[in-house]
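Step one of this worksheet: look at the structure below.
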Amino acid sequence: MDVIAIFGPTAAGKTGVAIELAELLRERGEDPVAVNCDSIQVYEGLEILSGAATPDERARLEHRLLGFVAIDGEFSAGRYAQLAHAEIDQLLAEGRRPIVVGGTGLYLRAALAELEMRPQVPSEVRAAVEADLAERGPAALHAELPDELRSGVHPNDRKRIARLTELVRLGIAPHASSEGLWTENLRVPARLFGITLERDELHARINARVDAMVAAGAIDEVKRADAAGASRTARAAIGFEELLRGDVEAMRSAQRAFARRQLTWMRKMPHVELVDRTGRDDAWVAREILARLDRGPDS
RNA sequence: GGGGGAGCGCCGGAGUUGGAGAGCCGGGCCGGUCUGUAAAAUCGGUGCCUCGUGCUGAGUGAGUUCGAAUCUCACCUCCCCCA
């Protein structure tokens, strides 16, 4: 049984489509389960802001890896990969079809492929590198990286320079090549569907979604998360800082920029099967995905 | 009706007061990178074309000048003040 993966820009309706698809699959006697691949929906206490499936929606389709990280906890792609692999393998062993759904490109690749991620580094090392970075600037650390690592990283790219510096100081060999990220060799057979739609409609959906989040209490949610000591990785959620200062328009704008980055991922993913949902509802998209499943890959 | 100020590329801002710019800053928009922080971080593009470093361009029209975004005149639009 193939894993089904559903990707697409924020506000494209991934969750709704997954639920509709699950209902169609159940009519065929399957017992599907959604596996979240969204880096923010993993947190407990950011459900509104991250657009996580609501209790009603979860009653219609069981979701895994949703809202299980404490708001003050840090999370990572590597940790996600371990958990996602375990969930997918277990579901397949039980004969239940996993529907991997979410908008984080790296997490999706990590769920479907074996990325061989480098280990996590001790927090002391991370802190030391960050102090160095703050004091000497990214270009200085960039210049100290081995040639083969430096070539692919821009001198301004603080995050990657920091990460690579950490690994080098610990004597861990980072990946020289990044081919693996786009590998066509998946851990388990999967069909990947990418939801697209015309840009105007996407923007309208994003605006409506942000408004709905605010109406549903996203600002209070963010204040609560802030008061509860939200971790750095949780605070990275789009809208977190924006809503803390009451700037809803900035959140809309950031969501649009995020959607663009997600589309960049989607265009590059091997064997992605695009479904244009412009003017269509979730149920239509679900039927289209099911029809393509029946027709076979790349049809 | 009178006085003052301002008009350029998707938007806002600054600046240039005769040797010029398809230029600066910010935003928006569009594209790219991505291996344990990824909703992060980061790079680039954004007048037109036949892509040469080519063409057009500083509200509109005329004028002065070797040369005008800059000076002059008229007109248009917007803003402020006074009636």
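Here, A, B, ... name the chains of the structure tokens in the order displayed, residue numbers run from 1 inside each chain, and ligands are numbered from 1 in the same displayed order.
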Can you list, as an MDAnalysis selection string, all residues belonging to stretch 71-256 of chain A that DSSP tags as helix (DSSP H, G or I)? chainID A and resid 77:93 105:112 123:136 138:144 147:150 158:169 179:182 199:215 218:227 232:235 240:244 248:256
Please provide the set of residues having any atom within 12 Å of B:C24, restricted to only C-alpha atoms (C1' of nucleotides), with same-chain residues fewer than 4 positions apart removed, written as number ranges by chain. B: 13-16
I want to know what sits within 12 Å of B:G36, based on only C-alpha atoms (C1' of nucleotides), with residues of the same chain fewer than 6 positions away left out; could you give that as a PyMOL selection string? chain A and resi 74-82+106-107+110+115-122+163-164+166-167+174
Just write the chosen residues, N, CA and C atoms, as a PDB file, in the first residue's frame.
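Dumped to selection07.pdb:
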ATOM      1  N   GLU A  74      12.050  22.701  22.457  1.00  0.00           N
ATOM      2  CA  GLU A  74      12.568  22.886  21.101  1.00  0.00           C
ATOM      3  C   GLU A  74      12.380  21.587  20.327  1.00  0.00           C
ATOM      4  N   PHE A  75      12.172  21.726  19.048  1.00  0.00           N
ATOM      5  CA  PHE A  75      11.950  20.563  18.206  1.00  0.00           C
ATOM      6  C   PHE A  75      12.858  20.680  16.995  1.00  0.00           C
ATOM      7  N   SER A  76      12.992  19.619  16.250  1.00  0.00           N
ATOM      8  CA  SER A  76      13.916  19.660  15.118  1.00  0.00           C
ATOM      9  C   SER A  76      13.484  18.699  14.020  1.00  0.00           C
ATOM     10  N   ALA A  77      14.024  18.937  12.850  1.00  0.00           N
ATOM     11  CA  ALA A  77      13.724  18.090  11.700  1.00  0.00           C
ATOM     12  C   ALA A  77      14.219  16.660  11.923  1.00  0.00           C
ATOM     13  N   GLY A  78      15.354  16.533  12.569  1.00  0.00           N
ATOM     14  CA  GLY A  78      15.905  15.204  12.803  1.00  0.00           C
ATOM     15  C   GLY A  78      15.021  14.384  13.735  1.00  0.00           C
ATOM     16  N   ARG A  79      14.579  15.035  14.784  1.00  0.00           N
ATOM     17  CA  ARG A  79      13.668  14.378  15.720  1.00  0.00           C
ATOM     18  C   ARG A  79      12.372  14.006  15.000  1.00  0.00           C
ATOM     19  N   TYR A  80      11.909  14.922  14.179  1.00  0.00           N
ATOM     20  CA  TYR A  80      10.679  14.660  13.426  1.00  0.00           C
ATOM     21  C   TYR A  80      10.842  13.421  12.547  1.00  0.00           C
ATOM     22  N   ALA A  81      11.981  13.334  11.880  1.00  0.00           N
ATOM     23  CA  ALA A  81      12.206  12.219  10.961  1.00  0.00           C
ATOM     24  C   ALA A  81      12.067  10.885  11.693  1.00  0.00           C
ATOM     25  N   GLN A  82      12.682  10.790  12.863  1.00  0.00           N
ATOM     26  CA  GLN A  82      12.592   9.542  13.646  1.00  0.00           C
ATOM     27  C   GLN A  82      11.144   9.194  13.952  1.00  0.00           C
ATOM     28  N   LEU A 106      11.002  20.437   4.217  1.00  0.00           N
ATOM     29  CA  LEU A 106      12.071  19.592   4.756  1.00  0.00           C
ATOM     30  C   LEU A 106      11.491  18.421   5.544  1.00  0.00           C
ATOM     31  N   TYR A 107      10.445  18.669   6.296  1.00  0.00           N
ATOM     32  CA  TYR A 107       9.832  17.609   7.091  1.00  0.00           C
ATOM     33  C   TYR A 107       9.228  16.544   6.176  1.00  0.00           C
ATOM     34  N   ALA A 110      11.974  14.513   4.864  1.00  0.00           N
ATOM     35  CA  ALA A 110      12.499  13.699   5.964  1.00  0.00           C
ATOM     36  C   ALA A 110      11.572  12.524   6.260  1.00  0.00           C
ATOM     37  N   LEU A 115      17.123  10.580   5.118  1.00  0.00           N
ATOM     38  CA  LEU A 115      18.032  11.692   4.850  1.00  0.00           C
ATOM     39  C   LEU A 115      19.377  11.578   5.546  1.00  0.00           C
ATOM     40  N   GLU A 116      19.550  10.625   6.448  1.00  0.00           N
ATOM     41  CA  GLU A 116      20.834  10.490   7.158  1.00  0.00           C
ATOM     42  C   GLU A 116      21.257  11.828   7.745  1.00  0.00           C
ATOM     43  N   MET A 117      20.436  12.369   8.563  1.00  0.00           N
ATOM     44  CA  MET A 117      20.766  13.666   9.137  1.00  0.00           C
ATOM     45  C   MET A 117      21.891  13.525  10.149  1.00  0.00           C
ATOM     46  N   ARG A 118      22.698  14.566  10.222  1.00  0.00           N
ATOM     47  CA  ARG A 118      23.811  14.568  11.171  1.00  0.00           C
ATOM     48  C   ARG A 118      23.245  14.708  12.577  1.00  0.00           C
ATOM     49  N   PRO A 119      24.011  14.276  13.577  1.00  0.00           N
ATOM     50  CA  PRO A 119      23.466  14.290  14.934  1.00  0.00           C
ATOM     51  C   PRO A 119      23.239  15.699  15.481  1.00  0.00           C
ATOM     52  N   GLN A 120      22.448  15.742  16.506  1.00  0.00           N
ATOM     53  CA  GLN A 120      22.237  16.983  17.231  1.00  0.00           C
ATOM     54  C   GLN A 120      23.510  17.291  18.009  1.00  0.00           C
ATOM     55  N   VAL A 121      23.789  18.564  18.202  1.00  0.00           N
ATOM     56  CA  VAL A 121      25.004  18.896  18.942  1.00  0.00           C
ATOM     57  C   VAL A 121      24.624  19.319  20.367  1.00  0.00           C
ATOM     58  N   PRO A 122      25.560  19.120  21.309  1.00  0.00           N
ATOM     59  CA  PRO A 122      25.287  19.521  22.693  1.00  0.00           C
ATOM     60  C   PRO A 122      24.991  21.014  22.775  1.00  0.00           C
ATOM     61  N   ARG A 163      25.427  25.995  12.078  1.00  0.00           N
ATOM     62  CA  ARG A 163      25.268  24.541  12.110  1.00  0.00           C
ATOM     63  C   ARG A 163      26.534  23.838  11.638  1.00  0.00           C
ATOM     64  N   LEU A 164      27.091  24.286  10.529  1.00  0.00           N
ATOM     65  CA  LEU A 164      28.281  23.635   9.993  1.00  0.00           C
ATOM     66  C   LEU A 164      29.476  23.818  10.926  1.00  0.00           C
ATOM     67  N   GLU A 166      29.355  24.111  14.145  1.00  0.00           N
ATOM     68  CA  GLU A 166      29.136  23.180  15.267  1.00  0.00           C
ATOM     69  C   GLU A 166      29.642  21.791  14.902  1.00  0.00           C
ATOM     70  N   LEU A 167      29.250  21.331  13.732  1.00  0.00           N
ATOM     71  CA  LEU A 167      29.632  19.979  13.325  1.00  0.00           C
ATOM     72  C   LEU A 167      31.141  19.849  13.157  1.00  0.00           C
ATOM     73  N   PRO A 174      29.934  16.714   8.017  1.00  0.00           N
ATOM     74  CA  PRO A 174      28.634  17.059   7.442  1.00  0.00           C
ATOM     75  C   PRO A 174      28.547  16.503   6.025  1.00  0.00           C
TER      76      PRO A 174
END
Kindly determine which residues of chain B lie within 8 Å of chain A, considering only C-alpha atoms (C1' of nucleotides), and give the answer as a ChimeraX atom specification. /B:32,35-43
Next, write the just-selected residues to a file, as a short mmCIF file (atom, residue, chain, number, x, y, z; two decimals), in the first residue's frame, keeping C-alpha atoms (C1' of nucleotides) as the atom set.
data_model
loop_
_atom_site.label_atom_id
_atom_site.label_comp_id
_atom_site.auth_asym_id
_atom_site.auth_seq_id
_atom_site.Cartn_x
_atom_site.Cartn_y
_atom_site.Cartn_z
"C1'" G B 32 16.21 30.65 -6.39
"C1'" U B 35 20.36 17.46 5.42
"C1'" G B 36 18.82 17.54 13.51
"C1'" U B 37 16.56 25.80 14.44
"C1'" A B 38 13.23 24.87 8.04
"C1'" A B 39 6.49 28.80 9.25
"C1'" A B 40 13.87 29.14 10.18
"C1'" A B 41 17.98 31.24 7.60
"C1'" U B 42 19.61 33.18 3.03
"C1'" C B 43 20.46 35.00 -2.25
#
Nearby residues (only C-alpha atoms (C1' of nucleotides)) at most 10 Å from stretch 67-72 of chain B, same-chain spacing under 3 positions excluded, as a PyMOL selection string: chain B and resi 8+16-21+58+63-64
Serialized selection, C-alpha atoms (C1' of nucleotides), as a tab-separated table (two decimals), in the first residue's frame:
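Saved to part15.tsv:
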chain	number	residue	atom	x	y	z
B	8	C	C1'	9.35	59.62	-12.33
B	16	U	C1'	19.68	65.56	-7.00
B	17	U	C1'	18.64	73.03	-8.36
B	18	G	C1'	22.47	72.72	-15.47
B	19	G	C1'	26.96	67.72	-17.04
B	20	A	C1'	21.64	63.31	-15.96
B	21	G	C1'	19.62	57.35	-13.67
B	58	A	C1'	11.49	62.55	-14.13
B	63	G	C1'	10.89	77.33	-24.50
B	64	U	C1'	16.17	78.70	-22.99
Between atom CA of A:Val272 and atom CA of A:Glu62, measure the distance and give it in Å to one decimal.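 Atom-to-atom, atom CA of A:Val272 and atom CA of A:Glu62 are spaced 24.5 Å apart.
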Check stretch 93-272 of chain A with DSSP on the backbone and list each residue it calls strand (DSSP E), as a tab-separated table (two decimals) with C-alpha atoms, in the first residue's frame.
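states03.tsv, written as the output of this step:
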chain	number	residue	atom	x	y	z
A	98	PRO	CA	-0.68	6.85	6.15
A	99	ILE	CA	-1.62	10.21	4.67
A	100	VAL	CA	1.37	12.47	5.27
A	101	VAL	CA	0.04	15.99	5.19
A	190	ALA	CA	4.57	6.82	-1.85
A	191	ARG	CA	2.43	9.00	-4.08
A	192	LEU	CA	3.03	12.69	-3.67
A	193	PHE	CA	0.29	15.17	-4.54
A	194	GLY	CA	0.88	18.91	-4.66
A	195	ILE	CA	-2.06	21.27	-4.45
A	196	THR	CA	-1.78	24.37	-6.61
A	272	VAL	CA	5.08	15.40	-7.43
